[in-house]
$ cat run.cif   # mmCIF, C-alpha atoms
data_upload
loop_
_atom_site.group_PDB
_atom_site.id
_atom_site.type_symbol
_atom_site.label_atom_id
_atom_site.label_comp_id
_atom_site.auth_asym_id
_atom_site.auth_seq_id
_atom_site.Cartn_x
_atom_site.Cartn_y
_atom_site.Cartn_z
ATOM 1 C CA MET A 1 51.175 171.555 284.169
ATOM 2 C CA LYS A 2 50.921 174.710 286.247
ATOM 3 C CA ILE A 3 52.451 177.986 285.042
ATOM 4 C CA TYR A 4 53.165 180.978 287.277
ATOM 5 C CA VAL A 5 52.877 184.301 285.415
ATOM 6 C CA ARG A 6 54.782 187.170 287.014
ATOM 7 C CA ALA A 7 54.841 189.444 283.953
ATOM 8 C CA PRO A 8 51.958 191.614 282.759
ATOM 9 C CA TYR A 9 50.105 189.705 280.044
ATOM 10 C CA GLU A 10 47.628 190.702 277.352
ATOM 11 C CA ALA A 11 44.151 189.328 278.150
ATOM 12 C CA ARG A 12 43.676 187.214 275.031
ATOM 13 C CA CYS A 13 47.138 185.707 275.357
ATOM 14 C CA LEU A 14 46.470 184.957 279.020
ATOM 15 C CA GLU A 15 43.305 183.107 277.965
ATOM 16 C CA GLU A 16 45.371 181.179 275.420
ATOM 17 C CA LEU A 17 47.754 180.119 278.187
ATOM 18 C CA LYS A 18 44.760 178.586 279.959
ATOM 19 C CA THR A 19 44.263 176.300 276.943
ATOM 20 C CA LEU A 20 47.910 175.242 277.031
ATOM 21 C CA PHE A 21 48.289 174.605 280.774
ATOM 22 C CA GLU A 22 46.092 172.941 283.369
ATOM 23 C CA GLU A 23 46.476 175.866 285.771
ATOM 24 C CA VAL A 24 47.600 179.470 285.321
ATOM 25 C CA VAL A 25 48.491 181.535 288.403
ATOM 26 C CA TYR A 26 48.520 185.197 287.371
ATOM 27 C CA GLU A 27 50.348 187.473 289.828
ATOM 28 C CA PRO A 28 52.198 190.048 287.694
ATOM 29 C CA TRP A 29 54.556 192.509 289.314
ATOM 30 C CA THR A 30 52.299 195.306 288.079
ATOM 31 C CA ILE A 31 49.635 194.072 290.511
ATOM 32 C CA THR A 32 51.843 193.000 293.420
ATOM 33 C CA GLY A 33 53.727 196.283 293.085
ATOM 34 C CA GLN A 34 57.215 194.829 293.334
ATOM 35 C CA ARG A 35 59.764 192.696 291.590
ATOM 36 C CA PHE A 36 60.994 189.664 293.489
ATOM 37 C CA TYR A 37 64.667 189.358 294.327
ATOM 38 C CA GLU A 38 66.049 185.878 294.924
ATOM 39 C CA ASP A 39 64.675 185.286 298.443
ATOM 40 C CA GLU A 40 61.181 186.495 297.549
ATOM 41 C CA MET A 41 61.296 184.600 294.257
ATOM 42 C CA LEU A 42 62.197 181.357 295.998
ATOM 43 C CA ASP A 43 59.535 181.836 298.673
ATOM 44 C CA ASN A 44 56.844 182.386 296.058
ATOM 45 C CA LEU A 45 57.910 179.460 293.898
ATOM 46 C CA LEU A 46 57.694 177.225 296.963
ATOM 47 C CA ARG A 47 54.259 178.677 297.704
ATOM 48 C CA VAL A 48 52.821 178.328 294.188
ATOM 49 C CA GLN A 49 54.660 175.117 293.178
ATOM 50 C CA PRO A 50 54.614 175.809 289.408
ATOM 51 C CA ASP A 51 56.068 173.694 286.612
ATOM 52 C CA ALA A 52 56.959 176.798 284.585
ATOM 53 C CA LEU A 53 57.538 180.497 285.227
ATOM 54 C CA ILE A 54 56.905 183.604 283.139
ATOM 55 C CA THR A 55 58.729 186.652 284.479
ATOM 56 C CA GLU A 56 60.022 190.041 283.410
ATOM 57 C CA LEU A 57 61.809 191.694 286.322
ATOM 58 C CA ASP A 58 62.158 188.983 288.972
ATOM 59 C CA ARG A 59 65.639 187.771 289.826
ATOM 60 C CA VAL A 60 66.216 184.053 289.275
ATOM 61 C CA THR A 61 69.613 182.875 290.526
ATOM 62 C CA LYS A 62 71.430 179.674 291.456
ATOM 63 C CA LYS A 63 70.037 180.016 294.980
ATOM 64 C CA VAL A 64 66.491 180.083 293.585
ATOM 65 C CA LEU A 65 67.059 177.104 291.304
ATOM 66 C CA ASP A 66 68.823 175.115 294.015
ATOM 67 C CA GLY A 67 65.924 175.786 296.360
ATOM 68 C CA TYR A 68 63.225 174.972 293.806
ATOM 69 C CA GLY A 69 64.070 172.349 291.207
ATOM 70 C CA LYS A 70 60.737 171.770 289.462
ATOM 71 C CA LEU A 71 60.849 174.381 286.683
ATOM 72 C CA LYS A 72 60.640 172.874 283.196
ATOM 73 C CA PHE A 73 61.245 176.253 281.534
ATOM 74 C CA ILE A 74 61.336 179.997 282.228
ATOM 75 C CA GLY A 75 59.671 182.464 279.886
ATOM 76 C CA ASP A 76 61.371 185.857 280.205
ATOM 77 C CA CYS A 77 59.537 188.869 278.767
ATOM 78 C CA ARG A 78 62.730 190.614 277.751
ATOM 79 C CA GLY A 79 64.854 190.722 274.636
ATOM 80 C CA GLU A 80 67.724 189.236 276.637
ATOM 81 C CA PRO A 81 67.408 187.590 280.092
ATOM 82 C CA ALA A 82 69.294 190.213 282.110
ATOM 83 C CA ASN A 83 67.271 189.334 285.222
ATOM 84 C CA LEU A 84 68.169 185.643 285.069
ATOM 85 C CA GLN A 85 71.429 183.954 286.006
ATOM 86 C CA VAL A 86 71.746 182.198 282.666
ATOM 87 C CA ASP A 87 74.610 179.860 283.564
ATOM 88 C CA ALA A 88 72.685 178.688 286.629
ATOM 89 C CA CYS A 89 69.608 178.013 284.495
ATOM 90 C CA THR A 90 71.711 176.029 282.043
ATOM 91 C CA ALA A 91 73.359 174.035 284.828
ATOM 92 C CA ALA A 92 69.908 173.262 286.245
ATOM 93 C CA ARG A 93 68.712 172.183 282.765
ATOM 94 C CA VAL A 94 66.073 174.921 282.663
ATOM 95 C CA PRO A 95 65.486 176.328 279.149
ATOM 96 C CA ILE A 96 64.956 180.086 278.810
ATOM 97 C CA LEU A 97 62.463 181.470 276.302
ATOM 98 C CA CYS A 98 62.863 185.221 275.621
ATOM 99 C CA THR A 99 60.839 187.782 273.665
ATOM 100 C CA PRO A 100 63.212 189.460 271.186
ATOM 101 C CA GLY A 101 61.707 192.425 269.389
ATOM 102 C CA ARG A 102 59.005 193.073 271.973
ATOM 103 C CA ASN A 103 59.848 196.782 272.253
ATOM 104 C CA THR A 104 61.325 197.430 268.801
ATOM 105 C CA GLN A 105 58.623 199.856 267.702
ATOM 106 C CA ALA A 106 58.432 201.523 271.111
ATOM 107 C CA VAL A 107 62.149 202.323 271.119
ATOM 108 C CA ALA A 108 62.132 203.413 267.479
ATOM 109 C CA GLU A 109 59.279 205.883 267.936
ATOM 110 C CA MET A 110 60.758 207.303 271.149
ATOM 111 C CA VAL A 111 64.212 207.789 269.635
ATOM 112 C CA VAL A 112 62.790 209.748 266.710
ATOM 113 C CA GLY A 113 60.559 211.723 269.059
ATOM 114 C CA LEU A 114 63.487 212.624 271.313
ATOM 115 C CA ILE A 115 65.583 213.707 268.333
ATOM 116 C CA LEU A 116 62.762 215.994 267.211
ATOM 117 C CA ALA A 117 62.381 217.331 270.765
ATOM 118 C CA ALA A 118 66.102 218.109 270.961
ATOM 119 C CA TYR A 119 66.260 219.631 267.487
ATOM 120 C CA ARG A 120 63.294 221.925 268.139
ATOM 121 C CA ASN A 121 64.200 222.928 271.725
ATOM 122 C CA LEU A 122 60.865 221.510 272.812
ATOM 123 C CA LEU A 123 61.366 221.083 276.550
ATOM 124 C CA PRO A 124 63.199 224.339 277.346
ATOM 125 C CA SER A 125 60.783 226.391 275.227
ATOM 126 C CA ILE A 126 57.770 224.866 277.002
ATOM 127 C CA GLN A 127 59.357 225.575 280.379
ATOM 128 C CA TRP A 128 60.179 229.138 279.240
ATOM 129 C CA VAL A 129 56.496 229.779 278.571
ATOM 130 C CA LYS A 130 55.450 228.228 281.912
ATOM 131 C CA ASP A 131 58.023 230.310 283.761
ATOM 132 C CA GLY A 132 56.598 233.516 282.311
ATOM 133 C CA GLY A 133 59.395 234.171 279.854
ATOM 134 C CA TRP A 134 57.033 235.033 277.001
ATOM 135 C CA ILE A 135 56.474 238.709 277.674
ATOM 136 C CA PRO A 136 56.025 241.728 275.394
ATOM 137 C CA GLY A 137 59.218 242.431 273.511
ATOM 138 C CA THR A 138 60.386 238.812 273.344
ATOM 139 C CA THR A 139 60.613 237.026 269.995
ATOM 140 C CA PRO A 140 60.218 233.265 270.603
ATOM 141 C CA TYR A 141 60.262 232.594 266.848
ATOM 142 C CA TYR A 142 63.954 233.502 266.828
ATOM 143 C CA LEU A 143 64.831 232.735 270.437
ATOM 144 C CA TRP A 144 63.806 229.065 270.128
ATOM 145 C CA MET A 145 64.629 228.477 266.465
ATOM 146 C CA GLY A 146 65.666 224.873 265.918
ATOM 147 C CA HIS A 147 66.684 222.474 263.183
ATOM 148 C CA GLU A 148 64.741 220.309 260.757
ATOM 149 C CA LEU A 149 65.364 216.592 260.723
ATOM 150 C CA GLN A 150 64.794 216.337 256.988
ATOM 151 C CA GLY A 151 67.921 215.499 255.009
ATOM 152 C CA LYS A 152 70.184 214.975 258.012
ATOM 153 C CA LYS A 153 72.903 212.328 257.982
ATOM 154 C CA VAL A 154 72.095 209.706 260.625
ATOM 155 C CA GLY A 155 74.683 207.082 261.578
ATOM 156 C CA PHE A 156 73.744 203.883 263.402
ATOM 157 C CA VAL A 157 76.159 201.889 265.541
ATOM 158 C CA GLY A 158 74.658 198.410 265.366
ATOM 159 C CA PHE A 159 72.024 197.711 262.722
ATOM 160 C CA GLY A 160 69.606 195.153 264.093
ATOM 161 C CA ALA A 161 65.827 195.182 264.409
ATOM 162 C CA ILE A 162 65.544 198.434 266.374
ATOM 163 C CA SER A 163 67.934 200.270 264.062
ATOM 164 C CA HIS A 164 65.954 199.128 261.034
ATOM 165 C CA ALA A 165 62.723 200.347 262.675
ATOM 166 C CA VAL A 166 64.262 203.754 263.423
ATOM 167 C CA ALA A 167 65.670 203.953 259.890
ATOM 168 C CA ARG A 168 62.259 203.237 258.357
ATOM 169 C CA LEU A 169 60.763 206.108 260.342
ATOM 170 C CA LEU A 170 63.607 208.394 259.298
ATOM 171 C CA ASP A 171 62.994 207.509 255.651
ATOM 172 C CA GLY A 172 59.935 209.740 255.954
ATOM 173 C CA PHE A 173 62.295 212.634 256.671
ATOM 174 C CA ALA A 174 64.536 211.803 253.690
ATOM 175 C CA CYS A 175 67.495 211.266 256.027
ATOM 176 C CA GLU A 176 70.732 209.846 254.689
ATOM 177 C CA ILE A 177 71.285 206.606 256.610
ATOM 178 C CA SER A 178 74.612 204.884 257.221
ATOM 179 C CA PHE A 179 75.523 202.175 259.694
ATOM 180 C CA TYR A 180 78.408 200.348 261.334
ATOM 181 C CA ASP A 181 77.853 196.675 262.071
ATOM 182 C CA PRO A 182 80.647 194.089 261.711
ATOM 183 C CA PHE A 183 78.080 191.291 261.441
ATOM 184 C CA ILE A 184 76.501 192.703 258.262
ATOM 185 C CA ASP A 185 78.223 192.432 254.903
ATOM 186 C CA GLY A 186 77.714 195.387 252.615
ATOM 187 C CA ASP A 187 74.914 197.901 252.164
ATOM 188 C CA GLN A 188 71.323 197.142 253.121
ATOM 189 C CA GLY A 189 69.271 198.569 250.271
ATOM 190 C CA HIS A 190 69.710 202.348 250.434
ATOM 191 C CA TYR A 191 71.308 202.119 253.888
ATOM 192 C CA HIS A 192 75.074 202.364 253.491
ATOM 193 C CA LYS A 193 77.639 200.455 255.541
ATOM 194 C CA ALA A 194 80.529 202.565 256.855
ATOM 195 C CA SER A 195 83.394 202.361 259.305
ATOM 196 C CA LEU A 196 82.862 203.295 262.930
ATOM 197 C CA GLU A 197 85.193 206.249 262.470
ATOM 198 C CA ALA A 198 83.237 207.497 259.446
ATOM 199 C CA ILE A 199 79.935 207.188 261.304
ATOM 200 C CA PHE A 200 81.161 209.516 264.042
ATOM 201 C CA ALA A 201 83.033 211.953 261.829
ATOM 202 C CA GLU A 202 80.405 212.414 259.112
ATOM 203 C CA SER A 203 76.984 212.052 260.787
ATOM 204 C CA ASP A 204 74.742 214.832 262.061
ATOM 205 C CA ILE A 205 73.213 212.303 264.467
ATOM 206 C CA VAL A 206 74.903 209.182 265.871
ATOM 207 C CA THR A 207 72.595 206.665 267.562
ATOM 208 C CA LEU A 208 73.607 203.457 269.358
ATOM 209 C CA HIS A 209 71.648 200.202 269.100
ATOM 210 C CA LEU A 210 73.768 197.246 270.171
ATOM 211 C CA PRO A 211 74.166 194.891 273.143
ATOM 212 C CA VAL A 212 76.906 194.819 275.754
ATOM 213 C CA LEU A 213 79.511 192.255 274.724
ATOM 214 C CA ASP A 214 83.214 191.954 275.444
ATOM 215 C CA SER A 215 83.754 193.545 272.043
ATOM 216 C CA THR A 216 81.363 196.464 272.630
ATOM 217 C CA ARG A 217 82.008 197.354 276.269
ATOM 218 C CA GLY A 218 83.526 200.846 276.342
ATOM 219 C CA MET A 219 83.824 200.949 272.542
ATOM 220 C CA ILE A 220 82.619 204.571 272.312
ATOM 221 C CA THR A 221 85.737 206.424 273.368
ATOM 222 C CA GLU A 222 86.586 210.070 273.863
ATOM 223 C CA ASP A 223 88.469 210.120 270.560
ATOM 224 C CA LEU A 224 85.352 208.983 268.697
ATOM 225 C CA LEU A 225 83.148 211.511 270.504
ATOM 226 C CA ARG A 226 85.531 214.373 269.795
ATOM 227 C CA SER A 227 85.649 213.417 266.126
ATOM 228 C CA MET A 228 81.938 214.302 265.775
ATOM 229 C CA LYS A 229 80.747 217.483 264.092
ATOM 230 C CA PRO A 230 80.551 220.428 266.517
ATOM 231 C CA ASP A 231 76.753 220.573 266.125
ATOM 232 C CA ALA A 232 76.194 216.776 266.064
ATOM 233 C CA LEU A 233 73.745 214.953 268.317
ATOM 234 C CA PHE A 234 74.742 211.758 270.186
ATOM 235 C CA VAL A 235 71.997 209.275 271.155
ATOM 236 C CA ASN A 236 72.264 206.285 273.493
ATOM 237 C CA ALA A 237 69.088 204.297 274.051
ATOM 238 C CA ALA A 238 70.965 200.983 274.140
ATOM 239 C CA ARG A 239 73.251 200.279 277.105
ATOM 240 C CA SER A 240 75.442 202.592 279.162
ATOM 241 C CA ALA A 241 78.424 200.216 279.318
ATOM 242 C CA ILE A 242 79.040 200.759 275.613
ATOM 243 C CA VAL A 243 80.049 204.376 276.244
ATOM 244 C CA ASP A 244 82.804 205.985 278.282
ATOM 245 C CA TYR A 245 80.412 208.326 280.105
ATOM 246 C CA ASP A 246 83.215 210.184 281.882
ATOM 247 C CA ALA A 247 84.581 211.074 278.459
ATOM 248 C CA LEU A 248 81.105 212.035 277.228
ATOM 249 C CA ILE A 249 80.697 214.422 280.175
ATOM 250 C CA ARG A 250 84.006 216.088 279.315
ATOM 251 C CA VAL A 251 83.037 216.415 275.661
ATOM 252 C CA LEU A 252 79.642 217.908 276.522
ATOM 253 C CA ASN A 253 81.049 220.319 279.098
ATOM 254 C CA ASP A 254 83.585 221.467 276.497
ATOM 255 C CA LYS A 255 80.660 221.977 274.078
ATOM 256 C CA ALA A 256 82.627 219.955 271.539
ATOM 257 C CA ILE A 257 79.365 218.499 270.168
ATOM 258 C CA GLY A 258 75.849 219.846 269.853
ATOM 259 C CA GLY A 259 74.255 217.673 272.510
ATOM 260 C CA ALA A 260 73.210 214.230 273.657
ATOM 261 C CA ILE A 261 70.095 212.172 274.286
ATOM 262 C CA ILE A 262 70.605 209.570 277.003
ATOM 263 C CA ASP A 263 68.072 206.959 278.154
ATOM 264 C CA VAL A 264 70.451 204.590 279.985
ATOM 265 C CA LEU A 265 72.839 205.228 282.891
ATOM 266 C CA ASP A 266 75.570 203.225 284.580
ATOM 267 C CA THR A 267 73.511 202.990 287.778
ATOM 268 C CA GLU A 268 69.713 202.976 287.859
ATOM 269 C CA PRO A 269 68.300 204.685 289.898
ATOM 270 C CA PRO A 270 71.162 207.136 289.335
ATOM 271 C CA THR A 271 73.840 208.164 291.763
ATOM 272 C CA GLU A 272 75.054 211.760 291.960
ATOM 273 C CA LYS A 273 77.859 210.756 289.595
ATOM 274 C CA ASP A 274 75.346 209.470 287.054
ATOM 275 C CA LEU A 275 73.241 212.612 287.355
ATOM 276 C CA ALA A 276 76.283 214.685 286.418
ATOM 277 C CA LEU A 277 75.588 213.616 282.849
ATOM 278 C CA GLY A 278 72.094 215.067 282.962
ATOM 279 C CA LYS A 279 73.456 218.366 284.233
ATOM 280 C CA CYS A 280 75.679 218.820 281.203
ATOM 281 C CA PRO A 281 74.613 221.473 278.693
ATOM 282 C CA ASN A 282 72.352 220.290 275.870
ATOM 283 C CA VAL A 283 71.558 216.887 277.379
ATOM 284 C CA LEU A 284 68.099 215.353 277.240
ATOM 285 C CA LEU A 285 68.072 212.643 279.918
ATOM 286 C CA THR A 286 65.162 210.189 280.194
ATOM 287 C CA PRO A 287 64.722 207.459 282.854
ATOM 288 C CA HIS A 288 65.196 204.342 280.689
ATOM 289 C CA ILE A 289 61.706 204.566 279.161
ATOM 290 C CA CYS A 290 62.365 204.324 275.420
ATOM 291 C CA GLY A 291 60.987 200.780 275.390
ATOM 292 C CA SER A 292 58.088 201.474 277.727
ATOM 293 C CA THR A 293 54.631 201.409 276.112
ATOM 294 C CA TYR A 294 51.399 199.634 276.934
ATOM 295 C CA GLU A 295 51.620 197.906 273.563
ATOM 296 C CA VAL A 296 54.874 196.189 274.588
ATOM 297 C CA THR A 297 52.797 193.981 276.897
ATOM 298 C CA ASP A 298 50.763 192.872 273.866
ATOM 299 C CA HIS A 299 53.902 192.171 271.844
ATOM 300 C CA GLN A 300 55.720 190.219 274.561
ATOM 301 C CA SER A 301 52.637 188.120 275.326
ATOM 302 C CA ARG A 302 52.146 187.157 271.698
ATOM 303 C CA ILE A 303 55.841 186.406 271.094
ATOM 304 C CA LEU A 304 56.186 184.301 274.241
ATOM 305 C CA ASN A 305 53.007 182.313 273.610
ATOM 306 C CA GLU A 306 54.272 181.357 270.162
ATOM 307 C CA ARG A 307 57.588 180.247 271.655
ATOM 308 C CA ILE A 308 55.870 178.286 274.416
ATOM 309 C CA LYS A 309 53.856 176.432 271.776
ATOM 310 C CA VAL A 310 57.084 175.527 269.991
ATOM 311 C CA TRP A 311 58.568 174.297 273.270
ATOM 312 C CA LEU A 312 55.463 172.219 274.026
ATOM 313 C CA SER A 313 55.641 170.671 270.547
ATOM 314 C CA GLY A 314 59.213 169.534 271.121
ATOM 315 C CA GLN A 315 60.149 170.526 267.558
ATOM 316 C CA GLY A 316 62.539 173.295 266.504
ATOM 317 C CA LEU A 317 63.606 174.071 270.054
ATOM 318 C CA GLU A 318 66.922 175.523 268.900
ATOM 319 C CA LYS A 319 64.939 178.393 267.325
ATOM 320 C CA VAL A 320 63.309 179.500 270.578
ATOM 321 C CA VAL A 321 65.609 178.478 273.461
ATOM 322 C CA TYR A 322 68.050 181.188 274.537
ATOM 323 C CA ASN A 323 70.471 178.944 276.471
ATOM 324 C CA ARG A 324 70.817 176.308 273.769
ATOM 325 C CA ASP A 325 73.391 174.305 275.726
ATOM 326 C CA VAL A 326 70.461 172.787 277.659
ATOM 327 C CA LEU A 327 69.422 171.034 274.442
ATOM 328 C CA LYS A 328 72.645 169.057 274.169
#

$ encode --input "run.cif" --output "structure tokens"
Amino acid sequence: MKIYVRAPYEARCLEELKTLFEEVVYEPWTITGQRFYEDEMLDNLLRVQPDALITELDRVTKKVLDGYGKLKFIGDCRGEPANLQVDACTAARVPILCTPGRNTQAVAEMVVGLILAAYRNLLPSIQWVKDGGWIPGTTPYYLWMGHELQGKKVGFVGFGAISHAVARLLDGFACEISFYDPFIDGDQGHYHKASLEAIFAESDIVTLHLPVLDSTRGMITEDLLRSMKPDALFVNAARSAIVDYDALIRVLNDKAIGGAIIDVLDTEPPTEKDLALGKCPNVLLTPHICGSTYEVTDHQSRILNERIKVWLSGQGLEKVVYNRDVLK
């Protein structure tokens, strides 16, 4: 079998692939410098003629699968296959193997780092120094006084792997952790389950970590945002569609809450409308990089190799195949 690798791959895991497949064609997007949309993806599949594909950003659609029908599986180096047309893969009987948890630690560390940056006025104080604001007579100790994270009440909306990783880091700050997650029954150790309304009303920091589903789309409403403490911090490093961003802009412009940390926008790259969020007072806006570390490549390579080995064994496929309907 020949496998076409379009995602960046850790060297040892790439060598392991060479023991599992007769031929490995390694052309990651990080080397070619571009993701492939459907026409480019189809052209390259026809050129390489692989039996399997490993991708991360490339778009695989019905047109691609109709034009190239030899794929036995697709390995997608993402937690969920947002770049693949899943129903088309299922109809074409192509199993999808994903890499859940690949960026759990990356997101967790970045979220805590961003909270600390916001609490301690890190970015504006650095810029103040660079702009020459620190002159005789100024008192930066008082001008840029911030808050400590220790002992703060942190509320999670969604309490999966990333939330648990963030919570473990926050344990070192003796934070009081609560969470809302309808799929979890009761407390999780010293992490306390609460209602969504209580999370927003009682937390010093509210952070979102959940996927976009019919039940979660637009679930963070203006009423919830306005119920937050006036000095509370709102964090979204999950998905933009979960939040009514127009409402969030109004709340921030009214200074009804302390501020927001946003890593995801409705449109990426952003339109002028999206950038309006970043221009609100007390907003720390990052370009969807919370899950971006060099180590993520190591994690995704290891996770996917283990799942490929399960697929090759033919045993326990329901544990590794994302679109399980292909197994019926």

$ residues_around --input "run.cif" --residues "region 185-199 of chain A" --least-positions-apart "3" --cutoff "10 Å" --atoms "all atoms listed in the file" --output "JSON, numbers by chain"
{"A": [153, 154, 155, 156, 157, 158, 159, 164, 167, 171, 176, 177, 178, 179, 180, 181, 182, 202, 203, 204, 205, 206, 207, 219, 220, 223, 224, 225, 227, 228]}

$ closest_atom_pairs --input "run.cif" --of "region 91-195 of chain A" --to "region 257-269 of chain A" --cutoff "10 Å" --atoms "only C-alpha atoms" --output "tab-separated table"
residue	atom	partner	partner_atom	distance
A:Val111	CA	A:Ile261	CA	8.7
A:Leu114	CA	A:Ile261	CA	7.3
A:Ile115	CA	A:Ile261	CA	7.6
A:Ala117	CA	A:Ile261	CA	9.9
A:Ala118	CA	A:Ile261	CA	7.9
A:Tyr119	CA	A:Gly259	CA	9.6

$ axis_aligned_box --input "run.cif" --around "region 232-242 of chain A" --padding-each-side "8 Å" --output "lines of an AutoDock Vina configuration file"
center_x = 74.1
center_y = 208.5
center_z = 272.7
size_x = 26.0
size_y = 32.6
size_z = 29.3

$ residues_near_point --input "run.cif" --point "(45.8, 172.4, 285.2)" --cutoff "7 Å" --atoms "all atoms listed in the file" --output "number ranges by chain"
A: 1-2, 21-23

$ residues_around --input "run.cif" --residues "Glu40 (chain A)" --least-positions-apart "5" --cutoff "12 Å" --atoms "all atoms listed in the file" --output "ChimeraX atom specification"
/A:34-35,45-47,58-61,63-64,67

$ atom_distance --input "run.cif" --atom1 "CA of Tyr26 (chain A)" --atom2 "CA of Lys319 (chain A)"
26.8 Å

$ residues_around --input "run.cif" --residues "region 134-144 of chain A" --least-positions-apart "5" --cutoff "10 Å" --atoms "only C-alpha atoms" --output "ChimeraX atom specification"
/A:120-122,124-125,128-129

$ closest_residue --input "run.cif" --among "A:Gln150, A:Thr104, A:Gln127, A:Asn44" --to "Ile162 (chain A)" --atoms "all atoms listed in the file"
A:Thr104

$ atom_distance --input "run.cif" --atom1 "CA of Ala247 (chain A)" --atom2 "CA of Leu210 (chain A)"
19.4 Å

$ atom_distance --input "run.cif" --atom1 "CA of Ala11 (chain A)" --atom2 "CA of Val24 (chain A)"
12.7 Å
